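**Q** Structure file entry_6.txt (compact mmCIF, C-alpha atoms and all ligand atoms) is given on the next line.
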# COMPACT_ATOMS: atom_id res chain seq x y z
CA MET A 1 -48.18 227.33 -77.09
CA LYS A 2 -50.91 224.86 -76.26
CA ILE A 3 -49.19 223.93 -73.00
CA GLN A 4 -49.11 227.61 -72.09
CA ILE A 5 -52.88 227.91 -72.60
CA VAL A 6 -53.60 224.93 -70.35
CA ARG A 7 -51.35 226.39 -67.68
CA ASP A 8 -53.14 229.75 -67.89
CA VAL A 9 -56.53 228.08 -67.41
CA LEU A 10 -55.33 226.19 -64.34
CA GLU A 11 -53.60 229.27 -62.92
CA ALA A 12 -56.73 231.39 -63.37
CA ASN A 13 -58.73 228.64 -61.69
CA ASP A 14 -56.33 228.43 -58.75
CA GLN A 15 -56.53 232.20 -58.22
CA LEU A 16 -60.35 232.09 -58.13
CA ALA A 17 -60.22 229.08 -55.80
CA GLY A 18 -58.13 231.18 -53.43
CA ASP A 19 -60.74 233.97 -53.65
CA ILE A 20 -63.44 231.43 -52.72
CA ARG A 21 -61.48 230.32 -49.64
CA ASN A 22 -61.20 233.99 -48.62
CA VAL A 23 -64.98 234.40 -48.96
CA ALA A 24 -65.52 231.25 -46.86
CA LYS A 25 -63.19 232.56 -44.15
CA LYS A 26 -64.77 236.02 -44.12
CA GLU A 27 -68.36 234.72 -44.09
CA GLY A 28 -67.61 231.85 -41.74
CA PHE A 29 -68.77 228.85 -43.70
CA THR A 30 -67.07 225.58 -44.64
CA LEU A 31 -67.10 224.37 -48.25
CA VAL A 32 -67.01 220.61 -48.88
CA ASN A 33 -66.61 219.31 -52.45
CA ILE A 34 -68.02 215.84 -53.08
CA MET A 35 -66.70 214.01 -56.12
CA SER A 36 -67.16 210.51 -57.56
CA SER A 37 -67.92 208.56 -60.69
CA PRO A 38 -71.57 208.65 -61.89
CA GLY A 39 -73.93 206.53 -59.79
CA SER A 40 -71.78 206.05 -56.69
CA GLY A 41 -74.42 207.64 -54.46
CA LYS A 42 -73.44 211.29 -53.90
CA THR A 43 -77.01 212.60 -53.92
CA THR A 44 -78.33 209.80 -51.70
CA PHE A 45 -75.41 210.40 -49.31
CA LEU A 46 -76.38 214.09 -49.09
CA GLU A 47 -80.07 213.22 -48.63
CA ARG A 48 -79.21 211.03 -45.65
CA LEU A 49 -76.53 213.28 -44.22
CA ILE A 50 -78.18 216.71 -44.36
CA PRO A 51 -81.11 216.02 -41.97
CA GLU A 52 -78.65 214.63 -39.40
CA LEU A 53 -76.30 217.60 -39.77
CA THR A 54 -79.26 219.99 -39.50
CA LYS A 55 -80.20 218.32 -36.20
CA LYS A 56 -76.66 219.13 -34.99
CA GLY A 57 -77.43 222.81 -35.62
CA LEU A 58 -75.65 223.32 -38.94
CA ARG A 59 -77.21 225.63 -41.54
CA ILE A 60 -76.56 224.01 -44.92
CA ALA A 61 -76.80 224.78 -48.64
CA VAL A 62 -75.89 222.71 -51.70
CA ILE A 63 -74.42 223.57 -55.10
CA GLU A 64 -75.47 220.90 -57.59
CA GLY A 65 -73.36 220.32 -60.68
CA ASP A 66 -74.57 218.34 -63.66
CA ILE A 67 -74.05 218.61 -67.40
CA THR A 68 -77.81 218.81 -67.78
CA THR A 69 -81.03 218.11 -65.77
CA THR A 70 -82.13 219.49 -62.39
CA THR A 71 -83.23 216.16 -60.90
CA ASP A 72 -80.60 216.07 -58.14
CA ALA A 73 -81.25 219.71 -57.19
CA GLU A 74 -84.99 218.93 -56.96
CA ARG A 75 -84.25 216.03 -54.57
CA ILE A 76 -82.11 218.30 -52.38
CA ALA A 77 -84.66 221.17 -52.48
CA GLN A 78 -87.24 218.83 -50.91
CA MET A 79 -85.28 219.16 -47.68
CA ASN A 80 -86.11 222.89 -47.66
CA ILE A 81 -82.53 224.07 -47.82
CA PRO A 82 -81.06 226.53 -50.35
CA VAL A 83 -79.86 224.88 -53.59
CA ALA A 84 -78.04 226.37 -56.57
CA GLN A 85 -77.98 224.36 -59.78
CA ILE A 86 -75.09 224.62 -62.20
CA ASN A 87 -75.69 223.04 -65.62
CA THR A 88 -72.55 223.03 -67.73
CA GLU A 89 -74.23 222.23 -71.07
CA PRO A 90 -74.91 225.90 -72.06
CA PHE A 91 -71.17 226.63 -71.85
CA GLY A 92 -69.69 223.57 -73.50
CA GLY A 93 -70.87 220.66 -71.36
CA ASP A 94 -67.87 220.65 -69.03
CA CYS A 95 -67.53 217.37 -67.13
CA HIS A 96 -66.31 219.13 -63.96
CA LEU A 97 -66.95 222.30 -61.97
CA GLY A 98 -64.26 225.00 -62.02
CA ALA A 99 -63.91 227.79 -59.48
CA GLU A 100 -65.33 230.25 -62.04
CA VAL A 101 -68.77 228.61 -61.79
CA ILE A 102 -68.64 228.04 -58.02
CA LEU A 103 -68.00 231.69 -57.12
CA PRO A 104 -71.20 233.09 -58.73
CA ALA A 105 -73.21 230.12 -57.37
CA LEU A 106 -72.06 230.93 -53.83
CA HIS A 107 -73.32 234.49 -54.19
CA LYS A 108 -76.85 233.19 -54.85
CA PHE A 109 -76.98 232.31 -51.13
CA ASP A 110 -77.23 234.51 -48.06
CA LEU A 111 -73.76 233.41 -46.95
CA SER A 112 -74.01 235.04 -43.52
CA LYS A 113 -76.75 232.52 -42.67
CA LEU A 114 -74.79 229.38 -43.62
CA ASP A 115 -72.30 227.17 -41.77
CA LEU A 116 -71.72 224.49 -44.40
CA ILE A 117 -72.01 224.37 -48.19
CA PHE A 118 -71.69 221.13 -50.13
CA ILE A 119 -70.70 221.00 -53.77
CA GLU A 120 -72.01 217.91 -55.55
CA ASN A 121 -69.57 217.86 -58.45
CA VAL A 122 -70.29 216.37 -61.88
CA GLY A 123 -70.08 212.57 -61.74
CA ASN A 124 -66.63 211.88 -63.16
CA LEU A 125 -63.58 210.31 -61.54
CA VAL A 126 -61.09 212.14 -63.76
CA CYS A 127 -61.07 215.90 -64.34
CA PRO A 128 -63.00 217.19 -61.28
CA ALA A 129 -59.79 216.20 -59.44
CA GLU A 130 -57.77 218.61 -61.61
CA PHE A 131 -59.82 221.72 -60.82
CA ASP A 132 -59.62 223.29 -57.38
CA THR A 133 -63.15 224.45 -56.53
CA GLY A 134 -61.99 226.50 -53.55
CA ALA A 135 -63.38 223.88 -51.18
CA ASN A 136 -61.91 223.50 -47.70
CA PHE A 137 -62.34 219.73 -47.84
CA ASN A 138 -62.52 217.27 -50.73
CA PHE A 139 -64.42 214.01 -50.45
CA VAL A 140 -64.51 211.14 -52.92
CA VAL A 141 -67.40 208.70 -52.76
CA ILE A 142 -66.51 205.25 -54.08
CA SER A 143 -69.10 202.52 -54.04
CA THR A 144 -68.42 198.83 -53.52
CA THR A 145 -69.86 198.10 -56.99
CA GLU A 146 -67.05 199.98 -58.72
CA GLY A 147 -64.31 197.41 -58.09
CA GLU A 148 -61.17 197.43 -55.96
CA ASP A 149 -58.90 198.72 -58.75
CA LYS A 150 -60.36 202.21 -59.28
CA PRO A 151 -58.02 204.06 -56.85
CA LEU A 152 -55.07 202.63 -58.81
CA LYS A 153 -56.60 203.56 -62.18
CA TYR A 154 -57.72 207.06 -61.15
CA PRO A 155 -55.03 208.01 -58.64
CA LEU A 156 -55.29 211.82 -58.85
CA MET A 157 -58.82 211.77 -57.43
CA PHE A 158 -57.65 209.85 -54.37
CA ARG A 159 -54.53 212.03 -54.06
CA VAL A 160 -56.46 215.33 -53.89
CA CYS A 161 -59.13 214.09 -51.48
CA ASP A 162 -58.79 214.14 -47.69
CA THR A 163 -61.68 211.72 -47.17
CA ALA A 164 -62.90 208.64 -49.04
CA ILE A 165 -66.46 207.52 -48.37
CA ILE A 166 -66.81 203.83 -49.24
CA ASN A 167 -70.51 203.63 -50.00
CA LYS A 168 -72.99 200.77 -50.58
CA ILE A 169 -71.44 198.46 -47.97
CA ASP A 170 -74.89 196.82 -47.76
CA LEU A 171 -74.19 195.28 -51.19
CA ILE A 172 -70.89 193.60 -50.32
CA ARG A 173 -72.51 190.23 -49.65
CA TYR A 174 -73.88 190.15 -53.20
CA LEU A 175 -70.62 191.16 -54.82
CA ASP A 176 -67.43 189.41 -55.75
CA MET A 177 -65.33 192.12 -54.14
CA ASP A 178 -62.73 192.44 -51.41
CA ILE A 179 -63.30 195.58 -49.36
CA SER A 180 -59.97 195.31 -47.55
CA LEU A 181 -58.22 195.31 -50.94
CA LEU A 182 -60.17 198.44 -51.92
CA GLU A 183 -59.07 200.11 -48.67
CA LYS A 184 -55.48 199.01 -49.22
CA ASN A 185 -55.49 200.42 -52.78
CA ILE A 186 -56.87 203.77 -51.58
CA LYS A 187 -54.20 203.97 -48.86
CA GLN A 188 -51.50 203.02 -51.37
CA ILE A 189 -52.36 206.17 -53.36
CA ASN A 190 -52.87 208.42 -50.33
CA SER A 191 -51.74 207.14 -46.95
CA ASP A 192 -53.19 210.21 -45.15
CA ILE A 193 -56.74 209.85 -46.49
CA ARG A 194 -59.58 209.22 -44.00
CA LEU A 195 -61.78 206.23 -44.79
CA VAL A 196 -65.44 205.99 -43.82
CA LYS A 197 -67.37 202.86 -44.80
CA CYS A 198 -71.14 203.30 -44.87
CA SER A 199 -74.38 202.71 -46.71
CA ALA A 200 -76.24 205.88 -47.62
CA LYS A 201 -79.22 203.70 -48.55
CA THR A 202 -79.60 201.77 -45.28
CA GLY A 203 -77.96 204.40 -43.05
CA GLU A 204 -75.42 201.87 -41.76
CA ASN A 205 -72.47 203.66 -40.11
CA LEU A 206 -73.65 207.03 -41.47
CA GLU A 207 -73.09 208.40 -37.98
CA GLU A 208 -69.33 208.27 -38.54
CA ALA A 209 -69.65 210.54 -41.61
CA VAL A 210 -71.96 212.90 -39.70
CA ASN A 211 -69.52 213.17 -36.78
CA LEU A 212 -66.59 213.66 -39.12
CA ILE A 213 -68.27 216.55 -40.94
CA VAL A 214 -69.32 218.22 -37.66
CA SER A 215 -65.70 218.00 -36.45
CA LEU A 216 -64.39 219.42 -39.76
CA VAL A 217 -66.76 222.39 -39.52
CA ASN A 218 -65.81 222.97 -35.86
CA SER A 219 -62.10 222.77 -36.67
CA ARG A 220 -62.27 225.98 -38.71
MG MG B 301 -76.15 212.98 -58.03
ZN ZN B 302 -64.00 217.90 -67.16
Would you encode the structure as structure tokens?
**A**
Amino acid sequence: MKIQIVRDVLEANDQLAGDIRNVAKKEGFTLVNIMSSPGSGKTTFLERLIPELTKKGLRIAVIEGDITTTTDAERIAQMNIPVAQINTEPFGGDCHLGAEVILPALHKFDLSKLDLIFIENVGNLVCPAEFDTGANFNFVVISTTEGEDKPLKYPLMFRVCDTAIINKIDLIRYLDMDISLLEKNIKQINSDIRLVKCSAKTGENLEEAVNLIVSLVNSR
């Protein structure tokens, strides 16, 4: 019985995720879901990326997911782009965003005026990977401070993502970590995944992420 309930929840989510992809197709925007553990640099990545993508002519909005607080949404709003905040605490403190919260958030925007919408998912390397948000592309941000073993310990996240952003490369020289081992472990879980190494803080190699996102938007 319990198994049946879980299946129903995931099936309902998948159906809504399909509806979201239909809305994206009809309105002509691309939805990119950014996931990671807490503190890996999702918000800083968006803060650095969005001005560059805007310069390339893309009209952008962000859906911010957190259990509580609006601090990330306030940082994004400073760039004068539309932001929708989802706080999950009033409905149980979910540690992920399901399609049922993304769909109403999308309708807060004037979708006809947008090319690209980012979802900053709740910081969590586990269950955000289980819930299809309806995104066209899924990114995982993994920072060099998290250790080389995380792709092996949290494989589903790396399996469902098409792109892994290895962030905080500016810190490598202070860390006892092997970046080639991290890359190897990511590829062991998902050999098709794209890897981009950068530092959202210093801007090092951010250009590669900018160009990738522009090409993903243009490919649709
Ligand atoms: Mg954040
Ligand atoms: Zn969760």
**Q** Please extract the residues at most 7 Å from ligand MG 301 (chain B), counting only C-alpha atoms and all ligand atoms, and provide them as a list of chain:residue names, using the chain letters and residue numbers of this document.
**A**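 The residues near ligand MG 301 (chain B) are A:Gly41, A:Lys42, A:Thr43, A:Asp72, A:Glu120.
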**Q** Using atom CA of A:Val196 and atom CA of A:Asp149 as the two end points, give the distance in Å to one decimal.
**A**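 Going from atom CA of A:Val196 over to atom CA of A:Asp149, I get 17.8 Å.
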**Q** Counting all atoms listed in the file, what is within 10 Å of A:Leu206, bar same-chain residues fewer than 4 positions away, as a VMD selection string?
**A** chain A and resid 45 48 to 49 52 165 167 196 to 202 210 to 212
**Q** Measuring between only C-alpha atoms, which one of A:Val141, A:Ala17, A:Ile67, A:Val9 shows the shortest distance to A:Asn87?
**A**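 Of A:Val141, A:Ala17, A:Ile67, A:Val9, the one nearest A:Asn87, counting only C-alpha atoms, is A:Ile67.
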**Q** Please report the interatomic distance between atom CA of A:Arg220 and atom CA of A:Asp110 in Å with one decimal.
**A**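 So the answer is 19.6 Å.
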**Q** Counting all atoms listed in the file, which residues sit no farther than 8 Å from the position (-59.9, 222.0, -57.3) in the file's frame? I'd like them as a ChimeraX atom specification.
**A** /A:14,17,98-99,128-135
**Q** Nearest to A:Glu146: which of A:Ala73, A:Val160, A:Ile169, A:Ile117 is it, counting only C-alpha atoms?
**A**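 Closest candidate: A:Ile169.
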**Q** List all protein, DNA and RNA residues that have any atom at most 8 Å from ligand ZN 302 (chain B), counting all atoms listed in the file, and write the list as number ranges by chain.
**A** A: 94-97, 124, 126-128
**Q** Compare A:Glu27, A:Glu148, A:Glu183, A:Glu208 by their minimum atom-to-atom distance to A:Leu111, counting all atoms listed in the file, and give me the closest one.
**A**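 Ranked by minimum distance to A:Leu111, first place goes to A:Glu27.
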**Q** Near A:Thr71, within 12 Å and counting all atoms listed in the file, which residues show up once chain neighbours fewer than 3 positions away are dropped, as a list in words?
**A** Thr43, Glu64, Gly65, Asp66, Ile67, Thr68, Glu74, Arg75, Ile76, Ala77, Gln78, Val83, Gln85, Ile86 and Asn87 of chain A
**Q** Using only C-alpha atoms, which residue out of A:Val140, A:Ile166, A:Ile60, A:Ile213 lies closest to A:Leu114?
**A**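 Closest residue, counting only C-alpha atoms: A:Ile60.
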**Q** Using Å and a single decimal, report how far atom CA of A:Glu47 sits from atom CA of A:Asn205.
**A**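 Atom CA of A:Glu47 lies at a distance of 14.9 Å from atom CA of A:Asn205.
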**Q** Taking all atoms of stretch 86-103 of chain A that the file lists and extending 5 Å past them on each side, where is the centre of the axis-aligned box and how long are its edges? Answer in Å to one decimal, as JSON.
**A**
{"center_x": -69.8, "center_y": 224.5, "center_z": -65.3, "size_x": 21.8, "size_y": 24.3, "size_z": 26.4}
**Q** Between A:Phe137, A:Ile3, A:Thr145, A:Pro82, which residue has the minimum interatomic distance to A:Tyr174, considering only C-alpha atoms?
**A**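 Distance minimum relative to A:Tyr174 lands on A:Thr145.
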**Q** My list of candidates is A:Asp178, A:Glu207, A:Asp192, A:Glu100. Which is closest to A:Glu11 when distances are computed with only C-alpha atoms?
**A**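 Using only C-alpha atoms, A:Glu11 sits closest to A:Glu100.
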**Q** Using all atoms listed in the file, determine which residues lie at most 10 Å from A:Ile172, disregarding the query and same-chain residues fewer than 4 positions distant; provide the list as a list in words.
**A**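 After dropping sequence-adjacent residues, the list is Ser143, Thr144, Thr145, Lys168, Asp176, Met177, Asp178 and Ile179 of chain A.
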**Q** Just the residues within 10 Å of A:Gln188, please, counting all atoms listed in the file, with nothing from its chain fewer than 5 positions along; format it as a list in words.
**A**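 Near A:Gln188, the qualifying residues are Pro151, Leu152, Pro155, Phe158, Arg159, Leu182, Glu183 and Ile193 of chain A.
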**Q** Kindly output stretch 198-220 of chain A as a compact mmCIF listing (two decimals), in the frame of the given file, after building N, CA, C and O atoms.
**A**
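And here's rebuild-v6.txt as it stands now:
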# COMPACT_ATOMS: atom_id res chain seq x y z
N CYS A 198 -69.74 203.14 -45.28
CA CYS A 198 -71.14 203.30 -44.87
C CYS A 198 -72.08 202.88 -46.00
O CYS A 198 -71.64 202.56 -47.11
N SER A 199 -73.35 202.89 -45.69
CA SER A 199 -74.38 202.71 -46.71
C SER A 199 -75.34 203.89 -46.61
O SER A 199 -76.07 204.01 -45.63
N ALA A 200 -75.32 204.74 -47.62
CA ALA A 200 -76.24 205.88 -47.62
C ALA A 200 -77.68 205.38 -47.73
O ALA A 200 -78.61 206.01 -47.24
N LYS A 201 -77.86 204.22 -48.36
CA LYS A 201 -79.22 203.70 -48.55
C LYS A 201 -79.82 203.18 -47.25
O LYS A 201 -80.95 203.52 -46.88
N THR A 202 -79.05 202.36 -46.51
CA THR A 202 -79.60 201.77 -45.28
C THR A 202 -79.30 202.63 -44.06
O THR A 202 -79.90 202.44 -43.01
N GLY A 203 -78.35 203.55 -44.19
CA GLY A 203 -77.96 204.40 -43.05
C GLY A 203 -76.88 203.77 -42.19
O GLY A 203 -76.44 204.37 -41.20
N GLU A 204 -76.45 202.56 -42.55
CA GLU A 204 -75.42 201.87 -41.76
C GLU A 204 -74.14 202.70 -41.66
O GLU A 204 -73.58 203.12 -42.68
N ASN A 205 -73.71 202.92 -40.43
CA ASN A 205 -72.47 203.66 -40.11
C ASN A 205 -72.45 205.10 -40.66
O ASN A 205 -71.38 205.71 -40.77
N LEU A 206 -73.59 205.65 -40.98
CA LEU A 206 -73.65 207.03 -41.47
C LEU A 206 -73.23 208.01 -40.39
O LEU A 206 -72.71 209.10 -40.67
N GLU A 207 -73.46 207.59 -39.14
CA GLU A 207 -73.09 208.40 -37.98
C GLU A 207 -71.63 208.84 -38.01
O GLU A 207 -71.30 209.96 -37.63
N GLU A 208 -70.76 207.94 -38.48
CA GLU A 208 -69.33 208.27 -38.54
C GLU A 208 -69.09 209.44 -39.50
O GLU A 208 -68.30 210.33 -39.21
N ALA A 209 -69.79 209.44 -40.64
CA ALA A 209 -69.65 210.54 -41.61
C ALA A 209 -70.22 211.83 -41.03
O ALA A 209 -69.64 212.90 -41.19
N VAL A 210 -71.34 211.72 -40.33
CA VAL A 210 -71.96 212.90 -39.70
C VAL A 210 -70.99 213.52 -38.69
O VAL A 210 -70.71 214.72 -38.73
N ASN A 211 -70.44 212.67 -37.80
CA ASN A 211 -69.52 213.17 -36.78
C ASN A 211 -68.25 213.77 -37.38
O ASN A 211 -67.74 214.77 -36.89
N LEU A 212 -67.78 213.14 -38.44
CA LEU A 212 -66.59 213.66 -39.12
C LEU A 212 -66.85 215.07 -39.66
O LEU A 212 -66.05 215.99 -39.44
N ILE A 213 -67.98 215.25 -40.34
CA ILE A 213 -68.27 216.55 -40.94
C ILE A 213 -68.47 217.62 -39.87
O ILE A 213 -67.96 218.74 -39.99
N VAL A 214 -69.14 217.26 -38.79
CA VAL A 214 -69.32 218.22 -37.66
C VAL A 214 -67.93 218.63 -37.14
O VAL A 214 -67.66 219.82 -36.93
N SER A 215 -67.02 217.66 -36.98
CA SER A 215 -65.70 218.00 -36.45
C SER A 215 -64.90 218.84 -37.45
O SER A 215 -64.15 219.73 -37.05
N LEU A 216 -65.08 218.60 -38.75
CA LEU A 216 -64.39 219.42 -39.76
C LEU A 216 -64.88 220.86 -39.72
O LEU A 216 -64.09 221.80 -39.80
N VAL A 217 -66.19 221.03 -39.59
CA VAL A 217 -66.76 222.39 -39.52
C VAL A 217 -66.25 223.09 -38.25
O VAL A 217 -65.84 224.25 -38.30
N ASN A 218 -66.25 222.37 -37.14
CA ASN A 218 -65.81 222.97 -35.86
C ASN A 218 -64.31 223.26 -35.83
O ASN A 218 -63.86 224.08 -35.03
N SER A 219 -63.54 222.58 -36.69
CA SER A 219 -62.10 222.77 -36.67
C SER A 219 -61.68 224.06 -37.35
O SER A 219 -60.51 224.43 -37.33
N ARG A 220 -62.64 224.77 -37.95
CA ARG A 220 -62.27 225.98 -38.71
C ARG A 220 -62.58 227.26 -37.95
O ARG A 220 -63.29 227.31 -37.03
